[in-house]
Amino acid sequence: MKPASLLAPRAVRVGGASFPLRPRAVAVTLAGLAVLALLMALNMRIGDLPLSLAEVIGGITGDGTTNFVIMELRLPRALTGALVGAALGMSGAITQAIARNPLASPDILGVTGGASVTVVAVMVATGSMYGGASGVLAGVGVPVVALAGGLVGGLAVYLLAWRGGLDGYRLVLVGIGVSAVFTNLKFWLLTIGDVNDSTRAMTWISGSLHGRGWEHVAPVGLALAVLVPAALLGTRSLGALRFDDETIVGLGVRSDLARTLMILAAVLLAGVATASAGPIAFVALASPQIALRLAGMAQPPLLVSAVVGGVLATGADLIARTLFSPVELPAGVVTAVLGAPYLIYLLIRARREART
C-alpha cells in the first residue's frame, strides 16, 4: 500500500447510510484533543493556590488533597471554555459551509449579537444577574434568554438576506448591518442602566470565563450532546450545499430544508455558547478555516472545527490569566486582539480571489 493511500477517504456504512472517513481529519482531531487536554491541565494549575500537573491530576481522580479546588472551582471553568469553544467552532463551520463564504460566522451574522442584547437587557432590567429578581435566571433562564435572542438575530438575517435563495456575500453584508444594530442597542441599554449593572454587563460582553461553574457547563454540554450528532447526520447535506442550486437538486438534496435545519443547529450552538461565557469573539470565524487547512478538505470539517474551537478558547483563557498576572483579562479580549488581524487577512485574501 502506498503511503499516500493511507490518507485517502474511506467509506463507513452505518445501516443504509454511508459516511466518508478521512484518516487525516481523524489524526488532526486526536492531536487537537491531546493539545486541548494539556491546555486545560495548564489552566487548572493557575489560581490563588498554584498547583503542579501531578496535583491537578490527583485532584481530578480524587487521590489528592486538592479535589475540592479542582472539581468545584477550576475544572468547571476549564470545561466551560473547552465546550464553548467547541460549540462556536462547529457553529462557525456550519455557517461558513452554508454561506459558502469564509467570512461568515455567528459573530458577523447577528446570532451572537442577538443573544448578547437579550441577556444584557435582562441584566440591566432586573438588577444583577445573580441576585434579586434575576436570581432565577442564573441557571436555566440565561441560556433560554440567550437562545431566544440568537434565534431572533439569526432569523432576522436569514429573512433579510433571502432573495429567492441564499447568496453568501449578501448574507454577510446583511449580517454586518444587523450586527451593527444589535451593537448599538446593546450599548444604549448599558447607557440607561445602573452603573453597577452596566459594569457587570460589560464584563459579560467581553466574553469572560471567570467564575464559571457547573451550572454553566451543563447547558452547553447538553447542547453539544444533542446537536453534534444531529449536525454530523446532516454532513451529506452540508457537503452538497457548497455546490450551486441545480447541482444540489440533482443530488436529491432538499436545499431549503437542509439550510434551515443546519442554520438552526448553528444558531442554537452559538446561542448556548454565548449564554455560558458571553460573546467570545472570532473563535467561530477562525476555527473552521484553521481546521479546513489542517484537515486538507474542501470545506470546514465539523468535528475538527469543534476541537480547534476548544483549543482556541482554552488557549485564550490561559493567555488572559497569565499575560498580565495577577490582573486577569477576559478571554474575549485576547481572541479579539488575535482575531482582528486574521479577519483583515481573510478580507484581503477574498479580494484577491475575486480579482482572479
# chains A, B, ... in the order shown; residues from 1 in each chain; ligands from 1
call {"tool": "residues_around", "arguments": {"residues": "Ala281 (chain A)", "least_positions_apart": "3", "cutoff": "12 Å", "atoms": "only C-alpha atoms", "output": "ChimeraX atom specification"}}
result
/A:84-85,88-89,92,105-108,111-113,116,205-208,270,273-274,277-278,284-287,309,312-313,316,330-340,342-343
call {"tool": "residues_around", "arguments": {"residues": "Leu171 (chain A)", "least_positions_apart": "4", "cutoff": "10 Å", "atoms": "only C-alpha atoms", "output": "short mmCIF file (atom, residue, chain, number, x, y, z; two decimals) with N, CA and C atoms, in the first residue's frame"}}
result
data_model
loop_
_atom_site.label_atom_id
_atom_site.label_comp_id
_atom_site.auth_asym_id
_atom_site.auth_seq_id
_atom_site.Cartn_x
_atom_site.Cartn_y
_atom_site.Cartn_z
N ALA A 99 -23.14 29.48 3.86
CA ALA A 99 -22.97 30.74 3.15
C ALA A 99 -21.95 30.65 2.02
N ARG A 100 -21.14 29.57 2.03
CA ARG A 100 -20.07 29.41 1.04
C ARG A 100 -19.15 30.63 1.07
N ASN A 101 -18.84 31.05 2.30
CA ASN A 101 -18.06 32.27 2.49
C ASN A 101 -17.23 32.14 3.76
N ALA A 104 -18.19 34.31 6.93
CA ALA A 104 -19.46 34.12 7.64
C ALA A 104 -19.21 33.42 8.97
N ILE A 108 -20.60 37.56 13.00
CA ILE A 108 -20.94 38.55 12.00
C ILE A 108 -22.42 38.48 11.61
N LEU A 109 -23.04 37.33 11.73
CA LEU A 109 -24.39 37.14 11.21
C LEU A 109 -25.49 37.43 12.21
N VAL A 157 -31.55 37.94 10.06
CA VAL A 157 -30.55 37.94 9.00
C VAL A 157 -30.97 37.04 7.85
N TYR A 158 -31.49 35.86 8.19
CA TYR A 158 -31.90 34.89 7.17
C TYR A 158 -33.01 35.46 6.28
N LEU A 159 -34.01 36.06 6.91
CA LEU A 159 -35.14 36.60 6.14
C LEU A 159 -34.74 37.80 5.30
N LEU A 160 -33.90 38.67 5.86
CA LEU A 160 -33.48 39.85 5.12
C LEU A 160 -32.54 39.51 3.96
N ALA A 161 -31.79 38.42 4.12
CA ALA A 161 -30.85 38.02 3.06
C ALA A 161 -31.48 37.15 2.00
N TRP A 162 -32.67 36.63 2.26
CA TRP A 162 -33.31 35.70 1.33
C TRP A 162 -33.89 36.46 0.14
N LEU A 166 -30.12 31.89 -1.13
CA LEU A 166 -29.13 32.49 -0.24
C LEU A 166 -27.83 32.73 -0.99
N ASP A 167 -27.42 33.98 -1.04
CA ASP A 167 -26.12 34.32 -1.60
C ASP A 167 -25.16 34.63 -0.45
N GLY A 175 -25.81 40.51 7.52
CA GLY A 175 -25.43 40.18 8.88
C GLY A 175 -24.64 41.27 9.55
N ILE A 176 -23.74 41.91 8.80
CA ILE A 176 -22.96 43.01 9.37
C ILE A 176 -23.88 44.16 9.75
#
call {"tool": "closest_residue", "arguments": {"among": "A:Ala231, A:Leu173, A:Ala265, A:Val124", "to": "Val195 (chain A)", "atoms": "only C-alpha atoms"}}
result
A:Val124
call {"tool": "select_by_dssp", "arguments": {"residues": "region 3-124 of chain A", "states": "helix (DSSP H, G or I)", "output": "count of residues only"}}
result
84
call {"tool": "residues_around", "arguments": {"residues": "region 143-153 of chain A", "least_positions_apart": "4", "cutoff": "7 Å", "atoms": "only C-alpha atoms", "output": "MDAnalysis selection string"}}
result
chainID A and resid 110:112 114:116 118:119 157 267:268 271:272 275:276
call {"tool": "write_last_selection", "arguments": {"atoms": "N, CA and C atoms", "output": "mmCIF file, in the first residue's frame"}}
result
data_model
loop_
_atom_site.group_PDB
_atom_site.id
_atom_site.type_symbol
_atom_site.label_atom_id
_atom_site.label_comp_id
_atom_site.auth_asym_id
_atom_site.auth_seq_id
_atom_site.Cartn_x
_atom_site.Cartn_y
_atom_site.Cartn_z
ATOM 1 N N GLY A 110 -25.204 38.116 13.293
ATOM 2 C CA GLY A 110 -26.254 38.574 14.190
ATOM 3 C C GLY A 110 -26.653 37.604 15.274
ATOM 4 N N VAL A 111 -26.170 36.361 15.217
ATOM 5 C CA VAL A 111 -26.579 35.372 16.216
ATOM 6 C C VAL A 111 -26.015 35.736 17.583
ATOM 7 N N THR A 112 -24.714 35.952 17.642
ATOM 8 C CA THR A 112 -24.087 36.311 18.909
ATOM 9 C C THR A 112 -24.598 37.656 19.412
ATOM 10 N N GLY A 114 -27.556 39.059 18.822
ATOM 11 C CA GLY A 114 -28.918 38.918 19.321
ATOM 12 C C GLY A 114 -28.964 38.301 20.698
ATOM 13 N N ALA A 115 -28.134 37.262 20.906
ATOM 14 C CA ALA A 115 -28.078 36.642 22.234
ATOM 15 C C ALA A 115 -27.546 37.627 23.268
ATOM 16 N N SER A 116 -26.552 38.427 22.893
ATOM 17 C CA SER A 116 -25.965 39.391 23.830
ATOM 18 C C SER A 116 -26.975 40.456 24.241
ATOM 19 N N THR A 118 -30.258 40.350 24.348
ATOM 20 C CA THR A 118 -31.322 39.865 25.232
ATOM 21 C C THR A 118 -30.818 39.644 26.654
ATOM 22 N N VAL A 119 -29.615 39.074 26.785
ATOM 23 C CA VAL A 119 -29.085 38.829 28.126
ATOM 24 C C VAL A 119 -28.756 40.145 28.824
ATOM 25 N N VAL A 157 -31.546 37.943 10.057
ATOM 26 C CA VAL A 157 -30.546 37.945 8.998
ATOM 27 C C VAL A 157 -30.974 37.036 7.848
ATOM 28 N N VAL A 267 -27.348 28.262 15.054
ATOM 29 C CA VAL A 267 -27.870 29.300 15.940
ATOM 30 C C VAL A 267 -27.959 28.791 17.377
ATOM 31 N N LEU A 268 -28.452 27.584 17.561
ATOM 32 C CA LEU A 268 -28.573 27.020 18.907
ATOM 33 C C LEU A 268 -27.209 26.852 19.561
ATOM 34 N N GLY A 271 -25.890 30.336 20.396
ATOM 35 C CA GLY A 271 -26.670 30.949 21.459
ATOM 36 C C GLY A 271 -26.331 30.389 22.827
ATOM 37 N N VAL A 272 -26.227 29.067 22.927
ATOM 38 C CA VAL A 272 -25.897 28.450 24.206
ATOM 39 C C VAL A 272 -24.467 28.792 24.624
ATOM 40 N N ALA A 275 -24.473 32.250 25.956
ATOM 41 C CA ALA A 275 -25.114 32.295 27.266
ATOM 42 C C ALA A 275 -24.190 31.808 28.371
ATOM 43 N N SER A 276 -23.326 30.855 28.064
ATOM 44 C CA SER A 276 -22.475 30.264 29.093
ATOM 45 C C SER A 276 -21.243 31.087 29.402
#
